[in-house]
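*Asks:* Here you go, one structure.
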Amino acid sequence: MRILFVHQNFPGQWVHLAKHYAASPENEVVALRHSANRRPDFVRTIDYDFAERPPQALYPLGDHFSLRTGRAAAVADAAFKLKQEGFVPDVIAGHAGWGETLFLREVFPDARQLVYAEFFYRSRGADSGFDPEFGAPIDHRTGYGTIARNAAMITALAYADRGLAPTEWQRSVFEPALRERIEVIHDGVDTDVVKPQPNAFIKLGNGTITMRPGDEVVTFVNRNLEPYRGYHIFMRALPKILAERPNARIVIVGGDAVSYGRAAPKGKTWRNIFLDEVRDRIDLSRIHFVGKIAYPLFLNLLQVSAAHVYLTYPFVLSWSMIEAMSAGCLVIGSKTAPVEEVLKDGRNGVLVDFFDPDAVARAVVDALAKPKKYRKLRQQARLDAIANYDLRTVSMPRLTDLFERLAAGRV
């Protein structure tokens, strides 16, 4: 096949599929990515240029769609140059969220198109209005912006042959007419790589502190530290955890930018806002903010974790939660969708109320105090990760089957 992957941060969700098809000399794989993406790639990459600027829409509700169509035009122009060079794909795989695929049907009318349908915003029942601490009261105008924000996703799906969602719940938030066009296949986790390692260790405090499996290491991992992923709740749980477990150390992974939701007040970061809230009640020497870390170090961190806390609004499920399960972590997760789709309380993890820092603390303290009690849960977490999300035996066969069906015009 000839395959064109389109993702501003390529490879993104397409990493495993792109590597799979690029490994065969019979396939020609090309990726379109944003010019700001400078990471090394394993396939031929073509850059597109697009600089977001405040749109000049007559109506502010159209701003989001205006930006998406601007990006779509930049992508389509780059794709047209690729076509002039002689590359015409059989299958195009893109992410619908940024509008990148909107105009590609005009450039490659015969190509079969798959879009990653990650999330459909709703004014009620998902992330919007979930956390009253960070949202305006819901009224009849709340949904205006939400509906407008979905316009690019709806258009992308309308022009695609198939959509792809990683969890059943993420598919379920789409309107029924769109839902029928979406298949559920998780991106997959390489469980041969992400696995327990009894000899793992991490060094903290400039190399002065070494932590190994069996030590009281509490982990919290996000791309960026923000309320959408429960950072504020986790920080409010720390005084109790640190007071009751004097040997515990907290390792927090994540940057200070914003992945989802609103930005922190000007000149501040969510990290410092909620650290300052509890600063006078915690031992700062036992809290380690490590920022964004390399993947091998991330795996080592999971392998030494005694309790891994994952909290989220009802929103997109992070890869890191499945990876934590695959590594044999005891995952303490929030009773929110789609966490509950994967994490089963008392079977392969522990579920707690998102809004209850004391419940989070109690669960962590119990995990640290009674590790043998949770051994079977950790073992089952890994077994479930292998059975349901393994890259080679579950996700990749289903994803390649979808690609083959697309190329053959059978979907």
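Going by the structure tokens order, chains are called A, B, ..., each with residues numbered from 1, while ligands are numbered from 1 in the order shown.
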Would you give me, as JSON lines, each residue of segment 220-336 of chain A having an atom within 8 Å of an atom of segment 376-393 of chain A, along with its shortest atom pair and that distance in Å to one decimal, using only C-alpha atoms and sorting by chain and residue number?

*Replies:*
{"residue": "A:Ile322", "atom": "CA", "partner": "A:Ala385", "partner_atom": "CA", "distance": 6.5}
{"residue": "A:Glu323", "atom": "CA", "partner": "A:Ala385", "partner_atom": "CA", "distance": 7.9}
{"residue": "A:Met325", "atom": "CA", "partner": "A:Ala381", "partner_atom": "CA", "distance": 4.9}
{"residue": "A:Ser326", "atom": "CA", "partner": "A:Arg382", "partner_atom": "CA", "distance": 4.4}
{"residue": "A:Ala327", "atom": "CA", "partner": "A:Arg382", "partner_atom": "CA", "distance": 6.5}
{"residue": "A:Gly328", "atom": "CA", "partner": "A:Arg378", "partner_atom": "CA", "distance": 4.9}
{"residue": "A:Cys329", "atom": "CA", "partner": "A:Arg378", "partner_atom": "CA", "distance": 5.6}
{"residue": "A:Leu330", "atom": "CA", "partner": "A:Arg378", "partner_atom": "CA", "distance": 5.1}
{"residue": "A:Val331", "atom": "CA", "partner": "A:Arg378", "partner_atom": "CA", "distance": 7.9}

*Asks:* Export, as a PDB file, in the first residue's frame, the selected residues with C-alpha atoms.

*Replies:*
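Once written, part_5.pdb looks like this:
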ATOM      1  CA  ILE A 322      -2.633   1.258  30.512  1.00  0.00           C
ATOM      2  CA  GLU A 323       1.159   1.314  30.629  1.00  0.00           C
ATOM      3  CA  MET A 325      -1.190  -1.613  34.459  1.00  0.00           C
ATOM      4  CA  SER A 326       1.140  -3.412  32.054  1.00  0.00           C
ATOM      5  CA  ALA A 327       4.073  -2.593  34.337  1.00  0.00           C
ATOM      6  CA  GLY A 328       2.230  -4.259  37.221  1.00  0.00           C
ATOM      7  CA  CYS A 329       1.457  -1.080  39.114  1.00  0.00           C
ATOM      8  CA  LEU A 330      -1.296  -0.770  41.661  1.00  0.00           C
ATOM      9  CA  VAL A 331      -3.348   1.874  39.886  1.00  0.00           C
TER      10      VAL A 331
END

*Asks:* Identify, on the basis of only C-alpha atoms, every residue whose closest approach to Val251 of chain A does not exceed 8 Å; exclude the query and any residue fewer than 3 positions from it along the same chain; express the result as JSON, numbers by chain.

*Replies:* {"A": [217, 218, 219, 220, 287, 288, 289, 290]}

*Asks:* Could you give me, as an MDAnalysis selection string, the residues within 8 Å of segment 308-318 of chain A, counting only C-alpha atoms and dropping anything in the same chain fewer than 4 positions from it?

*Replies:* chainID A and resid 118:119 126:127 130:131 167 170 218:221 228:231 234 302 322 324 329:334 336:339 354

*Asks:* Quick one: everything within 9 Å of segment 97-112 of chain A, counting only C-alpha atoms, minus sequence neighbours fewer than 3 positions away in the same chain. Send it as a PyMOL selection string.

*Replies:* chain A and resi 6-8+65+67-77+79-80+83+88-94+115-119+150+152-153+155-157+159-162+406-409

*Asks:* Write down as a ChimeraX atom specification the residues of segment 239-338 of chain A whose backbone DSSP state falls under alpha helix (DSSP H).

*Replies:* /A:239-244,270-278,295-304,319-326

*Asks:* Pick the closest to Gly145 of chain A from A:Glu226, A:Asp63, A:Asp187, A:Glu52: which is it, counting only C-alpha atoms?

*Replies:*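 The shortest atom-to-atom distance to Gly145 of chain A comes from A:Asp63.
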
*Asks:* If you run DSSP on the backbone, which residues of segment 216-262 of chain A are strand (DSSP E), as a ChimeraX atom specification?

*Replies:* /A:217-224,249-255

*Asks:* Quick one: everything within 9 Å of Ala363 of chain A, counting only C-alpha atoms, minus sequence neighbours fewer than 5 positions away in the same chain. Send it as a list of chain:residue names.

*Replies:* A:Ala307, A:Ile332, A:Val350, A:Leu351, A:Val352, A:Asp358, A:Leu368

*Asks:* Just to confirm, what's the straight-line distance from atom CA of Arg181 of chain A to atom CA of Gln113 of chain A in Å (one decimal)?

*Replies:* 11.9 Å

*Asks:* Residues within 10 Å of Asp256 of chain A, please, as a list of chain:residue names. Count only C-alpha atoms; anything in the same chain fewer than 6 positions from it doesn't count.

*Replies:*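 Near neighbours after the sequence-gap exclusion: A:Arg223, A:Asn224, A:Leu225, A:Glu226, A:Ala263, A:Ala264, A:Lys268, A:Thr269, A:Trp270, A:Arg271, A:Asn272, A:Gly291, A:Lys292.
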
*Asks:* Go through A:Val411, A:Pro227, A:Thr45, A:Ser285 one by one, measure the shortest atom-to-atom distance of each to Ile209 of chain A using only C-alpha atoms, and give the residue with the smallest value.

*Replies:*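 Counting only C-alpha atoms, the residue closest to Ile209 of chain A is A:Ser285.
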
*Asks:* Counting only C-alpha atoms, figure out which residue out of A:Gly261, A:Pro357, A:Gly349, A:Gly62 gets nearest to Gly129 of chain A.

*Replies:*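 For Gly129 of chain A, the nearest of the given residues is A:Gly261.
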
*Asks:* Can you pull out the residues contacting Arg245 of chain A? Cut-off 12 Å, using only C-alpha atoms, and skip same-chain residues under 5 positions away; I want them as a PyMOL selection string.

*Replies:* chain A and resi 215-218+238-240+250+282-283+286+361-362+364-370

*Asks:* Just to be explicit: take each residue in the selection above, keep N, CA and C atoms, and write the result as a PDB file, in the first residue's frame.

*Replies:*
ATOM      1  N   ASP A 215      10.025  -0.143  47.771  1.00  0.00           N
ATOM      2  CA  ASP A 215      10.072   1.138  48.476  1.00  0.00           C
ATOM      3  C   ASP A 215       8.739   1.855  48.310  1.00  0.00           C
ATOM      4  N   GLU A 216       8.483   2.787  49.214  1.00  0.00           N
ATOM      5  CA  GLU A 216       7.192   3.484  49.202  1.00  0.00           C
ATOM      6  C   GLU A 216       7.238   4.660  48.231  1.00  0.00           C
ATOM      7  N   VAL A 217       7.131   4.320  46.954  1.00  0.00           N
ATOM      8  CA  VAL A 217       7.166   5.317  45.884  1.00  0.00           C
ATOM      9  C   VAL A 217       5.747   5.518  45.355  1.00  0.00           C
ATOM     10  N   VAL A 218       5.263   6.746  45.419  1.00  0.00           N
ATOM     11  CA  VAL A 218       3.950   7.100  44.888  1.00  0.00           C
ATOM     12  C   VAL A 218       4.173   7.891  43.611  1.00  0.00           C
ATOM     13  N   LEU A 238      -1.763  14.913  49.450  1.00  0.00           N
ATOM     14  CA  LEU A 238      -0.397  14.679  49.912  1.00  0.00           C
ATOM     15  C   LEU A 238      -0.175  14.901  51.407  1.00  0.00           C
ATOM     16  N   PRO A 239      -0.751  15.922  52.043  1.00  0.00           N
ATOM     17  CA  PRO A 239      -0.483  16.090  53.482  1.00  0.00           C
ATOM     18  C   PRO A 239      -0.793  14.838  54.292  1.00  0.00           C
ATOM     19  N   LYS A 240      -1.912  14.203  54.020  1.00  0.00           N
ATOM     20  CA  LYS A 240      -2.289  12.993  54.753  1.00  0.00           C
ATOM     21  C   LYS A 240      -1.359  11.832  54.413  1.00  0.00           C
ATOM     22  N   ILE A 250       7.115  10.981  46.857  1.00  0.00           N
ATOM     23  CA  ILE A 250       6.168  11.274  45.796  1.00  0.00           C
ATOM     24  C   ILE A 250       6.942  11.722  44.565  1.00  0.00           C
ATOM     25  N   ILE A 282       3.387  19.973  54.149  1.00  0.00           N
ATOM     26  CA  ILE A 282       4.082  18.823  53.569  1.00  0.00           C
ATOM     27  C   ILE A 282       5.592  18.973  53.723  1.00  0.00           C
ATOM     28  N   ASP A 283       6.271  17.841  53.653  1.00  0.00           N
ATOM     29  CA  ASP A 283       7.737  17.804  53.665  1.00  0.00           C
ATOM     30  C   ASP A 283       8.209  17.870  52.211  1.00  0.00           C
ATOM     31  N   ARG A 286      10.481  15.334  50.293  1.00  0.00           N
ATOM     32  CA  ARG A 286      10.010  14.017  49.867  1.00  0.00           C
ATOM     33  C   ARG A 286       9.118  14.087  48.631  1.00  0.00           C
ATOM     34  N   ALA A 361      -6.016   9.745  49.446  1.00  0.00           N
ATOM     35  CA  ALA A 361      -4.965   9.548  50.457  1.00  0.00           C
ATOM     36  C   ALA A 361      -5.130   8.222  51.178  1.00  0.00           C
ATOM     37  N   ARG A 362      -6.361   7.890  51.575  1.00  0.00           N
ATOM     38  CA  ARG A 362      -6.599   6.627  52.282  1.00  0.00           C
ATOM     39  C   ARG A 362      -6.199   5.435  51.412  1.00  0.00           C
ATOM     40  N   VAL A 364      -3.982   5.375  48.957  1.00  0.00           N
ATOM     41  CA  VAL A 364      -2.522   5.325  48.826  1.00  0.00           C
ATOM     42  C   VAL A 364      -1.884   4.824  50.114  1.00  0.00           C
ATOM     43  N   VAL A 365      -2.327   5.326  51.248  1.00  0.00           N
ATOM     44  CA  VAL A 365      -1.769   4.922  52.535  1.00  0.00           C
ATOM     45  C   VAL A 365      -1.957   3.417  52.746  1.00  0.00           C
ATOM     46  N   ASP A 366      -3.128   2.909  52.413  1.00  0.00           N
ATOM     47  CA  ASP A 366      -3.382   1.483  52.589  1.00  0.00           C
ATOM     48  C   ASP A 366      -2.493   0.660  51.656  1.00  0.00           C
ATOM     49  N   ALA A 367      -2.309   1.145  50.433  1.00  0.00           N
ATOM     50  CA  ALA A 367      -1.449   0.432  49.485  1.00  0.00           C
ATOM     51  C   ALA A 367      -0.009   0.366  49.976  1.00  0.00           C
ATOM     52  N   LEU A 368       0.468   1.454  50.563  1.00  0.00           N
ATOM     53  CA  LEU A 368       1.839   1.485  51.069  1.00  0.00           C
ATOM     54  C   LEU A 368       1.993   0.650  52.330  1.00  0.00           C
ATOM     55  N   ALA A 369       0.947   0.630  53.159  1.00  0.00           N
ATOM     56  CA  ALA A 369       1.023  -0.099  54.431  1.00  0.00           C
ATOM     57  C   ALA A 369       0.850  -1.603  54.255  1.00  0.00           C
ATOM     58  N   LYS A 370       0.099  -2.023  53.224  1.00  0.00           N
ATOM     59  CA  LYS A 370      -0.241  -3.439  53.060  1.00  0.00           C
ATOM     60  C   LYS A 370       0.033  -3.911  51.634  1.00  0.00           C
TER      61      LYS A 370
END
